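J.: Sharing query-v6.pdb below, PDB, C-alpha atoms:
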```
ATOM      1  CA  MET I   1     -91.537  29.130  32.458
ATOM      2  CA  VAL I   2     -94.378  29.328  35.006
ATOM      3  CA  ASP I   3     -94.803  32.717  36.630
ATOM      4  CA  PRO I   4     -94.177  32.038  40.370
ATOM      5  CA  MET I   5     -96.906  34.529  41.153
ATOM      6  CA  SER I   6     -99.582  33.048  38.884
ATOM      7  CA  GLU I   7    -101.239  30.892  41.543
ATOM      8  CA  CYS I   8    -102.888  32.678  44.426
ATOM      9  CA  ASN I   9    -104.777  31.317  47.420
ATOM     10  CA  LEU I  10    -106.740  34.407  48.402
ATOM     11  CA  LEU I  11    -107.121  33.279  52.013
ATOM     12  CA  ASP I  12    -103.332  33.570  52.419
ATOM     13  CA  VAL I  13    -103.772  37.340  52.052
ATOM     14  CA  LEU I  14    -105.262  37.295  55.565
ATOM     15  CA  SER I  15    -102.314  35.561  57.258
ATOM     16  CA  ASN I  16    -100.794  38.823  58.539
ATOM     17  CA  LYS I  17    -104.104  40.599  59.177
ATOM     18  CA  LYS I  18    -106.024  41.358  62.369
ATOM     19  CA  VAL I  19    -109.807  40.821  62.683
ATOM     20  CA  LEU I  20    -112.320  41.925  65.311
ATOM     21  CA  CYS I  21    -115.235  39.519  65.844
ATOM     22  CA  VAL I  22    -118.415  40.611  67.672
ATOM     23  CA  GLU I  23    -120.954  38.041  68.910
ATOM     24  CA  ASP I  24    -122.842  38.052  72.214
ATOM     25  CA  GLU I  25    -123.140  34.279  72.707
ATOM     26  CA  ALA I  26    -119.855  33.021  74.168
ATOM     27  CA  CYS I  27    -120.049  29.548  72.625
ATOM     28  CA  ILE I  28    -120.762  30.885  69.124
ATOM     29  CA  LEU I  29    -118.057  33.556  69.518
ATOM     30  CA  ASN I  30    -115.482  30.922  70.440
ATOM     31  CA  ASN I  31    -116.462  28.779  67.447
ATOM     32  CA  ILE I  32    -116.204  31.708  65.031
ATOM     33  CA  MET I  33    -112.860  32.793  66.494
ATOM     34  CA  GLU I  34    -111.484  29.267  66.119
ATOM     35  CA  SER I  35    -112.490  29.294  62.449
ATOM     36  CA  LEU I  36    -110.983  32.740  61.862
ATOM     37  CA  GLU I  37    -107.703  31.763  63.568
ATOM     38  CA  LEU I  38    -107.127  29.332  60.689
ATOM     39  CA  PHE I  39    -106.801  32.292  58.325
ATOM     40  CA  PHE I  40    -105.933  35.484  60.241
ATOM     41  CA  GLY I  41    -102.734  36.446  62.007
ATOM     42  CA  LYS I  42    -104.651  37.749  65.041
ATOM     43  CA  VAL I  43    -108.293  37.387  66.135
ATOM     44  CA  VAL I  44    -109.940  39.452  68.889
ATOM     45  CA  GLY I  45    -113.477  38.772  70.160
ATOM     46  CA  VAL I  46    -115.923  40.988  72.079
ATOM     47  CA  ARG I  47    -119.561  40.474  73.097
ATOM     48  CA  ASP I  48    -121.454  43.784  72.931
ATOM     49  CA  GLY I  49    -121.848  46.828  70.699
ATOM     50  CA  VAL I  50    -120.302  49.436  72.990
ATOM     51  CA  GLU I  51    -117.217  47.296  73.557
ATOM     52  CA  ALA I  52    -116.991  46.650  69.803
ATOM     53  CA  LEU I  53    -117.073  50.362  68.973
ATOM     54  CA  ASP I  54    -114.504  51.157  71.652
ATOM     55  CA  GLU I  55    -112.223  48.383  70.388
ATOM     56  CA  ALA I  56    -112.546  49.539  66.768
ATOM     57  CA  GLN I  57    -111.766  53.129  67.762
ATOM     58  CA  SER I  58    -108.880  52.264  70.076
ATOM     59  CA  ASN I  59    -107.024  49.720  67.945
ATOM     60  CA  LEU I  60    -106.217  49.290  64.282
ATOM     61  CA  TYR I  61    -108.025  46.346  62.685
ATOM     62  CA  ASP I  62    -107.909  45.150  59.082
ATOM     63  CA  VAL I  63    -111.314  43.403  59.064
ATOM     64  CA  LEU I  64    -114.503  43.456  61.173
ATOM     65  CA  MET I  65    -117.105  40.707  61.623
ATOM     66  CA  LEU I  66    -120.268  41.558  63.563
ATOM     67  CA  ASP I  67    -123.557  39.980  64.549
ATOM     68  CA  ILE I  68    -126.526  42.375  64.375
ATOM     69  CA  SER I  69    -128.300  41.290  67.574
ATOM     70  CA  ILE I  70    -125.785  42.281  70.252
ATOM     71  CA  PRO I  71    -126.367  44.102  73.574
ATOM     72  CA  HIS I  72    -126.232  47.896  74.125
ATOM     73  CA  MET I  73    -125.944  48.838  70.434
ATOM     74  CA  ASP I  74    -126.931  46.694  67.454
ATOM     75  CA  GLY I  75    -124.246  45.623  64.978
ATOM     76  CA  LEU I  76    -125.431  47.861  62.145
ATOM     77  CA  GLU I  77    -125.440  50.893  64.441
ATOM     78  CA  VAL I  78    -121.859  50.024  65.434
ATOM     79  CA  VAL I  79    -120.914  49.848  61.743
ATOM     80  CA  LYS I  80    -122.631  53.193  61.061
ATOM     81  CA  LYS I  81    -120.464  54.842  63.730
ATOM     82  CA  ILE I  82    -117.320  53.084  62.488
ATOM     83  CA  ARG I  83    -118.006  54.321  58.954
ATOM     84  CA  GLU I  84    -117.777  57.887  60.289
ATOM     85  CA  PHE I  85    -114.031  57.418  60.849
ATOM     86  CA  ASP I  86    -113.208  54.456  58.585
ATOM     87  CA  LYS I  87    -114.898  54.306  55.192
ATOM     88  CA  LYS I  88    -112.895  51.425  53.772
ATOM     89  CA  ILE I  89    -112.417  48.622  56.304
ATOM     90  CA  PRO I  90    -114.029  45.383  55.007
ATOM     91  CA  ILE I  91    -116.960  44.279  57.166
ATOM     92  CA  ILE I  92    -118.884  41.000  57.302
ATOM     93  CA  ILE I  93    -122.297  40.988  58.989
ATOM     94  CA  LEU I  94    -123.589  37.769  60.579
ATOM     95  CA  SER I  95    -127.286  37.657  61.324
ATOM     96  CA  ALA I  96    -130.412  35.549  61.594
ATOM     97  CA  HIS I  97    -132.327  38.564  60.226
ATOM     98  CA  THR I  98    -133.452  38.346  56.612
ATOM     99  CA  GLU I  99    -135.896  41.275  56.724
ATOM    100  CA  GLN I 100    -135.520  43.790  53.901
ATOM    101  CA  ASP I 101    -134.943  46.649  56.342
ATOM    102  CA  TYR I 102    -131.776  45.048  57.735
ATOM    103  CA  LEU I 103    -130.491  44.192  54.269
ATOM    104  CA  TRP I 104    -130.955  47.762  53.023
ATOM    105  CA  ARG I 105    -129.227  49.205  56.086
ATOM    106  CA  ALA I 106    -126.301  46.885  55.411
ATOM    107  CA  VAL I 107    -126.108  47.909  51.743
ATOM    108  CA  GLU I 108    -126.041  51.591  52.676
ATOM    109  CA  LEU I 109    -123.123  50.939  55.035
ATOM    110  CA  LYS I 110    -121.031  49.309  52.276
ATOM    111  CA  ILE I 111    -120.840  45.873  53.894
ATOM    112  CA  THR I 112    -118.578  43.385  52.108
ATOM    113  CA  ARG I 113    -120.843  40.397  52.812
ATOM    114  CA  TYR I 114    -124.100  39.743  54.724
ATOM    115  CA  LEU I 115    -124.181  36.151  55.988
ATOM    116  CA  VAL I 116    -127.478  34.722  57.165
ATOM    117  CA  LYS I 117    -127.224  32.283  60.081
ATOM    118  CA  PRO I 118    -126.811  29.384  60.011
ATOM    119  CA  TYR I 119    -124.166  29.554  57.283
ATOM    120  CA  ASP I 120    -121.847  26.768  56.131
ATOM    121  CA  LYS I 121    -118.077  26.656  55.858
ATOM    122  CA  ASN I 122    -118.072  27.349  52.105
ATOM    123  CA  THR I 123    -120.189  30.479  52.557
ATOM    124  CA  LEU I 124    -117.781  31.804  55.184
ATOM    125  CA  ILE I 125    -114.755  31.042  53.002
ATOM    126  CA  LYS I 126    -116.345  32.842  50.032
ATOM    127  CA  ALA I 127    -116.976  35.876  52.266
ATOM    128  CA  LEU I 128    -113.353  35.819  53.478
ATOM    129  CA  GLU I 129    -112.137  35.615  49.877
ATOM    130  CA  ASP I 130    -114.220  38.715  49.072
ATOM    131  CA  VAL I 131    -112.653  40.463  52.076
ATOM    132  CA  ALA I 132    -109.168  39.462  50.877
ATOM    133  CA  MET I 133    -109.847  40.840  47.392
ATOM    134  CA  GLU I 134    -111.073  44.083  48.909
ATOM    135  CA  LEU I 135    -107.950  44.387  51.066
ATOM    136  CA  ILE I 136    -105.631  44.069  48.062
ATOM    137  CA  GLY I 137    -107.680  46.282  45.754
ATOM    138  CA  HIS I 138    -108.654  43.256  43.618
ATOM    139  CA  THR I 139    -105.015  42.998  42.484
ATOM    140  CA  PRO I 140    -103.143  39.969  43.916
ATOM    141  CA  MET I 141     -99.871  41.262  42.455
ATOM    142  CA  PHE I 142     -98.560  44.784  43.004
ATOM    143  CA  GLN I 143     -95.891  46.328  40.757
ATOM    144  CA  ILE I 144     -93.600  48.066  43.249
ATOM    145  CA  THR I 145     -90.856  49.031  40.812
ATOM    146  CA  VAL I 146     -90.205  48.428  37.109
ATOM    147  CA  THR I 147     -88.387  45.187  37.944
ATOM    148  CA  CYS I 148     -90.156  44.087  41.119
ATOM    149  CA  LYS I 149     -93.622  42.738  42.011
ATOM    150  CA  TYR I 150     -95.179  41.852  45.365
ATOM    151  CA  ASP I 151     -97.484  38.855  45.765
ATOM    152  CA  PHE I 152    -100.107  39.557  48.463
ATOM    153  CA  CYS I 153    -101.012  35.870  48.680
ATOM    154  CA  LYS I 154     -97.584  34.294  49.005
ATOM    155  CA  LYS I 155     -96.020  37.302  50.802
ATOM    156  CA  THR I 156     -93.123  37.172  48.353
ATOM    157  CA  VAL I 157     -91.231  39.689  46.261
ATOM    158  CA  PHE I 158     -90.437  38.623  42.690
ATOM    159  CA  HIS I 159     -87.695  40.297  40.645
ATOM    160  CA  THR I 160     -87.773  40.053  36.846
ATOM    161  CA  GLU I 161     -84.289  38.507  36.799
ATOM    162  CA  GLY I 162     -85.831  35.527  38.620
ATOM    163  CA  GLU I 163     -84.898  36.279  42.227
ATOM    164  CA  LEU I 164     -87.615  35.457  44.777
ATOM    165  CA  ALA I 165     -87.623  36.851  48.330
ATOM    166  CA  HIS I 166     -89.951  35.634  51.071
ATOM    167  CA  LEU I 167     -91.096  38.218  53.622
ATOM    168  CA  SER I 168     -91.587  37.578  57.335
ATOM    169  CA  LYS I 169     -94.957  38.352  58.914
ATOM    170  CA  SER I 170     -93.672  41.708  60.218
ATOM    171  CA  GLU I 171     -92.091  42.590  56.877
ATOM    172  CA  SER I 172     -95.224  41.786  54.859
ATOM    173  CA  ARG I 173     -97.496  43.602  57.324
ATOM    174  CA  LEU I 174     -95.339  46.740  57.163
ATOM    175  CA  LEU I 175     -94.950  46.603  53.375
ATOM    176  CA  GLU I 176     -98.717  46.237  52.845
ATOM    177  CA  TYR I 177     -99.323  49.208  55.147
ATOM    178  CA  PHE I 178     -96.972  51.287  52.991
ATOM    179  CA  LEU I 179     -98.519  50.054  49.726
ATOM    180  CA  LYS I 180    -101.967  51.245  50.840
ATOM    181  CA  ARG I 181    -100.464  54.702  51.432
ATOM    182  CA  PRO I 182     -98.231  55.356  48.419
ATOM    183  CA  ASN I 183     -96.394  58.687  48.382
ATOM    184  CA  GLN I 184     -97.854  59.637  51.767
ATOM    185  CA  THR I 185     -96.061  60.568  54.962
ATOM    186  CA  VAL I 186     -96.366  57.728  57.469
ATOM    187  CA  THR I 187     -95.313  58.655  61.006
ATOM    188  CA  TYR I 188     -93.476  56.502  63.507
ATOM    189  CA  GLU I 189     -96.547  56.692  65.773
ATOM    190  CA  GLN I 190     -98.848  55.329  63.047
ATOM    191  CA  LEU I 191     -96.487  52.437  62.443
ATOM    192  CA  PHE I 192     -96.094  51.637  66.139
ATOM    193  CA  ASP I 193     -99.899  51.548  66.554
ATOM    194  CA  TYR I 194    -100.428  49.327  63.516
ATOM    195  CA  MET I 195     -97.513  46.964  64.009
ATOM    196  CA  TRP I 196     -97.309  46.513  67.760
ATOM    197  CA  GLU I 197    -100.498  47.912  69.339
ATOM    198  CA  PHE I 198     -99.833  48.207  73.101
ATOM    199  CA  GLU I 199     -96.161  47.290  72.889
ATOM    200  CA  GLN I 200     -93.836  50.173  72.162
ATOM    201  CA  PRO I 201     -90.631  48.792  70.673
ATOM    202  CA  SER I 202     -87.757  51.106  69.875
ATOM    203  CA  LYS I 203     -87.371  52.879  66.565
ATOM    204  CA  GLU I 204     -84.488  50.477  66.059
ATOM    205  CA  ALA I 205     -86.943  47.565  65.768
ATOM    206  CA  LEU I 206     -88.854  49.464  63.076
ATOM    207  CA  LYS I 207     -85.672  50.504  61.276
ATOM    208  CA  SER I 208     -84.569  46.885  61.250
ATOM    209  CA  ILE I 209     -87.734  45.793  59.382
ATOM    210  CA  VAL I 210     -87.425  48.714  56.939
ATOM    211  CA  LYS I 211     -83.791  47.764  56.332
ATOM    212  CA  GLU I 212     -84.813  44.197  55.456
ATOM    213  CA  LEU I 213     -87.522  45.441  53.069
ATOM    214  CA  ARG I 214     -85.026  47.679  51.294
ATOM    215  CA  LYS I 215     -82.624  44.760  51.006
ATOM    216  CA  LYS I 216     -85.291  42.446  49.546
ATOM    217  CA  ILE I 217     -87.006  44.992  47.274
ATOM    218  CA  ASP I 218     -85.125  48.166  46.420
ATOM    219  CA  ASN I 219     -82.864  50.384  48.452
ATOM    220  CA  ASN I 220     -84.636  53.615  47.516
ATOM    221  CA  PHE I 221     -88.383  52.978  47.539
ATOM    222  CA  ILE I 222     -88.855  53.723  51.267
ATOM    223  CA  LYS I 223     -87.591  57.235  52.036
ATOM    224  CA  ASN I 224     -86.591  58.409  55.509
ATOM    225  CA  LEU I 225     -88.375  61.522  56.767
ATOM    226  CA  TYR I 226     -85.999  62.632  59.485
ATOM    227  CA  GLY I 227     -87.653  62.761  62.915
ATOM    228  CA  VAL I 228     -91.096  62.030  61.427
ATOM    229  CA  GLY I 229     -91.274  58.605  59.771
ATOM    230  CA  TYR I 230     -91.202  57.297  56.197
ATOM    231  CA  LEU I 231     -92.587  57.817  52.723
ATOM    232  CA  CYS I 232     -93.072  54.961  50.256
ATOM    233  CA  GLU I 233     -92.371  56.198  46.719
ATOM    234  CA  ILE I 234     -94.253  54.255  44.039
TER
END
```
Written as structure tokens, how would this file's structure read?
T.:
Amino acid sequence: MVDPMSECNLLDVLSNKKVLCVEDEACILNNIMESLELFFGKVVGVRDGVEALDEAQSNLYDVLMLDISIPHMDGLEVVKKIREFDKKIPIIILSAHTEQDYLWRAVELKITRYLVKPYDKNTLIKALEDVAMELIGHTPMFQITVTCKYDFCKKTVFHTEGELAHLSKSESRLLEYFLKRPNQTVTYEQLFDYMWEFEQPSKEALKSIVKELRKKIDNNFIKNLYGVGYLCEI
């Protein structure tokens, strides 16, 4: 019997993720965003360093992609400031610069990939695959319980008795947020910010997604913290 989780298209990991793209030339920005929209759930583009930093501080992104030569604050300086409050977010740098100084600055900032312009489609896809692997901790399958695994690529839950459950975009996004924070208190506010950004749906909307996850995975792995939020026990 073939394991239904044995095949994994890494780019599918990105289907429920949000990326911020920073490039000062409008035409190039639009082209990059069009490419990224093939893989990501949501793509946001900005054109200067100050706006990029403000956007990264104000909203919760899963991935960042920045050019170095952007107005007001260069891309690597933006990344340096972002690293002060987010050490782990995967970052791709796009640049025409090949000078050693830029490369070393990028290495020190723990960049996932440094792409030299012009780059081809295969180079971009390889970089996105590296980002995907980083997002899932280099483990495409996550053992949630003794009898249940989650496939980051297919967004499915597989039970050892053979049952397979497909998760909606909201369900997979919420589950993956929990899985990155095992045994930690996650507040309603954190979940509202990550799931809906500027929209503020009721707690009922959140409870509805949690209820579906419990139904598809296990009734006890997400604990209610009354008046506060949830805790994912793994």
J.: What does the distance from CA of Val63 in chain I to CA of Ile92 in chain I come to in Å, to one decimal?
T.: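 Answer for the CA of Val63 in chain I to CA of Ile92 in chain I separation: 8.1 Å.
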J.: Could you name the residues that touch range 115-117 of chain I at 8 Å or less, counting only C-alpha atoms, but leaving out those on the same chain fewer than 2 positions away, as a ChimeraX atom specification?
T.: /I:92-98,113,119,123-124
J.: Select, from I:Glu84, I:Glu176, I:Asp24, I:Glu134, the residue with the minimum atom-to-atom distance to His72 in chain I, counting only C-alpha atoms.
T.: I:Asp24
J.: Name the closest residue to Leu174 in chain I among the candidates I:Lys17, I:Arg83, I:Lys223, I:Lys154; distances are taken between atoms, counting only C-alpha atoms.
T.: I:Lys17
J.: Quote the spacing between CA of Asp62 in chain I and CA of Pro90 in chain I in Å to one decimal place.
T.: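 Pair CA of Asp62 in chain I / CA of Pro90 in chain I returns 7.4 Å.
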J.: Which is closest to Lys121 in chain I among I:Ile32, I:Val44, I:Leu164, I:Val22, if we use all atoms listed in the file?
T.: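 Once distances to Lys121 in chain I are computed over all atoms listed in the file, the minimum belongs to I:Ile32.
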J.: If you measure from CA of Tyr177 in chain I to CA of Met133 in chain I, what distance in Å do you get, rounded to one decimal?
T.: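 These atoms are spaced 15.5 Å apart.
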J.: So that I can check the surroundings of range 8-12 of chain I, please list as an mmCIF file with C-alpha atoms, in the coordinates of the input every protein, DNA and RNA residue that reaches within 7 Å of it, counting all atoms listed in the file and ignoring chain neighbours fewer than 4 positions away.
T.:
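Output (out.cif):
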```cif
data_model
loop_
_atom_site.group_PDB
_atom_site.id
_atom_site.type_symbol
_atom_site.label_atom_id
_atom_site.label_comp_id
_atom_site.auth_asym_id
_atom_site.auth_seq_id
_atom_site.Cartn_x
_atom_site.Cartn_y
_atom_site.Cartn_z
ATOM 1 C CA PHE I 39 -106.801 32.292 58.325
ATOM 2 C CA LEU I 128 -113.353 35.819 53.478
ATOM 3 C CA GLU I 129 -112.137 35.615 49.877
ATOM 4 C CA ALA I 132 -109.168 39.462 50.877
ATOM 5 C CA CYS I 153 -101.012 35.870 48.680
ATOM 6 C CA LYS I 154 -97.584 34.294 49.005
#
```
J.: Pick from I:Gln184, I:Val157, I:Ile70, I:Leu109: nearest to Leu231 in chain I, with only C-alpha atoms counted?
T.: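 Nearest candidate to Leu231 in chain I out of I:Gln184, I:Val157, I:Ile70, I:Leu109: I:Gln184.
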J.: Counting only C-alpha atoms, which of I:Lys216, I:Val228, I:Ile234, I:Pro182 gets nearest to Thr145 in chain I?
T.: I:Ile234
J.: Residue by residue, what does the PyMOL selection byres ((chain I and resi 143) around 12) grab here? Present the result as a count of residues only.
T.: 21
J.: Return the single residue from I:Lys203, I:Arg173, I:His166, I:Lys80 that is closest to Thr187 in chain I, with distances computed using only C-alpha atoms.
T.: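 Between I:Lys203, I:Arg173, I:His166, I:Lys80, the residue approaching Thr187 in chain I most closely is I:Lys203.
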J.: Quick check on the file I pasted: which residues fall under the PyMOL selection byres ((chain I and resi 104-106) around 10)? Write them as JSON, numbers by chain.
T.: {"I": [75, 76, 77, 79, 80, 91, 92, 93, 99, 100, 101, 102, 103, 107, 108, 109, 110, 111, 112, 113, 114]}
J.: Applying 12 Å and all atoms listed in the file, which residues near Leu60 in chain I remain after dropping the ones on its own chain fewer than 5 positions away? List them as a tab-separated table (two decimals) with C-alpha atoms, keeping the file's coordinate frame.
T.:
```tsv
chain	number	residue	atom	x	y	z
I	17	LYS	CA	-104.10	40.60	59.18
I	18	LYS	CA	-106.02	41.36	62.37
I	19	VAL	CA	-109.81	40.82	62.68
I	20	LEU	CA	-112.32	41.92	65.31
I	42	LYS	CA	-104.65	37.75	65.04
I	44	VAL	CA	-109.94	39.45	68.89
I	53	LEU	CA	-117.07	50.36	68.97
I	54	ASP	CA	-114.50	51.16	71.65
I	55	GLU	CA	-112.22	48.38	70.39
I	82	ILE	CA	-117.32	53.08	62.49
I	85	PHE	CA	-114.03	57.42	60.85
I	86	ASP	CA	-113.21	54.46	58.58
I	89	ILE	CA	-112.42	48.62	56.30
I	177	TYR	CA	-99.32	49.21	55.15
I	190	GLN	CA	-98.85	55.33	63.05
I	191	LEU	CA	-96.49	52.44	62.44
I	192	PHE	CA	-96.09	51.64	66.14
I	193	ASP	CA	-99.90	51.55	66.55
I	194	TYR	CA	-100.43	49.33	63.52
I	195	MET	CA	-97.51	46.96	64.01
I	196	TRP	CA	-97.31	46.51	67.76
I	197	GLU	CA	-100.50	47.91	69.34
I	198	PHE	CA	-99.83	48.21	73.10
```
J.: Can you tell me, as JSON, the centre and edge lengths (Å, one decimal) of the axis-aligned box enclosing all of range 146-153 of chain I's listed atoms after padding each side by 3 Å?
T.:
```
{"center_x": -94.7, "center_y": 42.1, "center_z": 42.9, "size_x": 18.6, "size_y": 18.6, "size_z": 17.6}
```
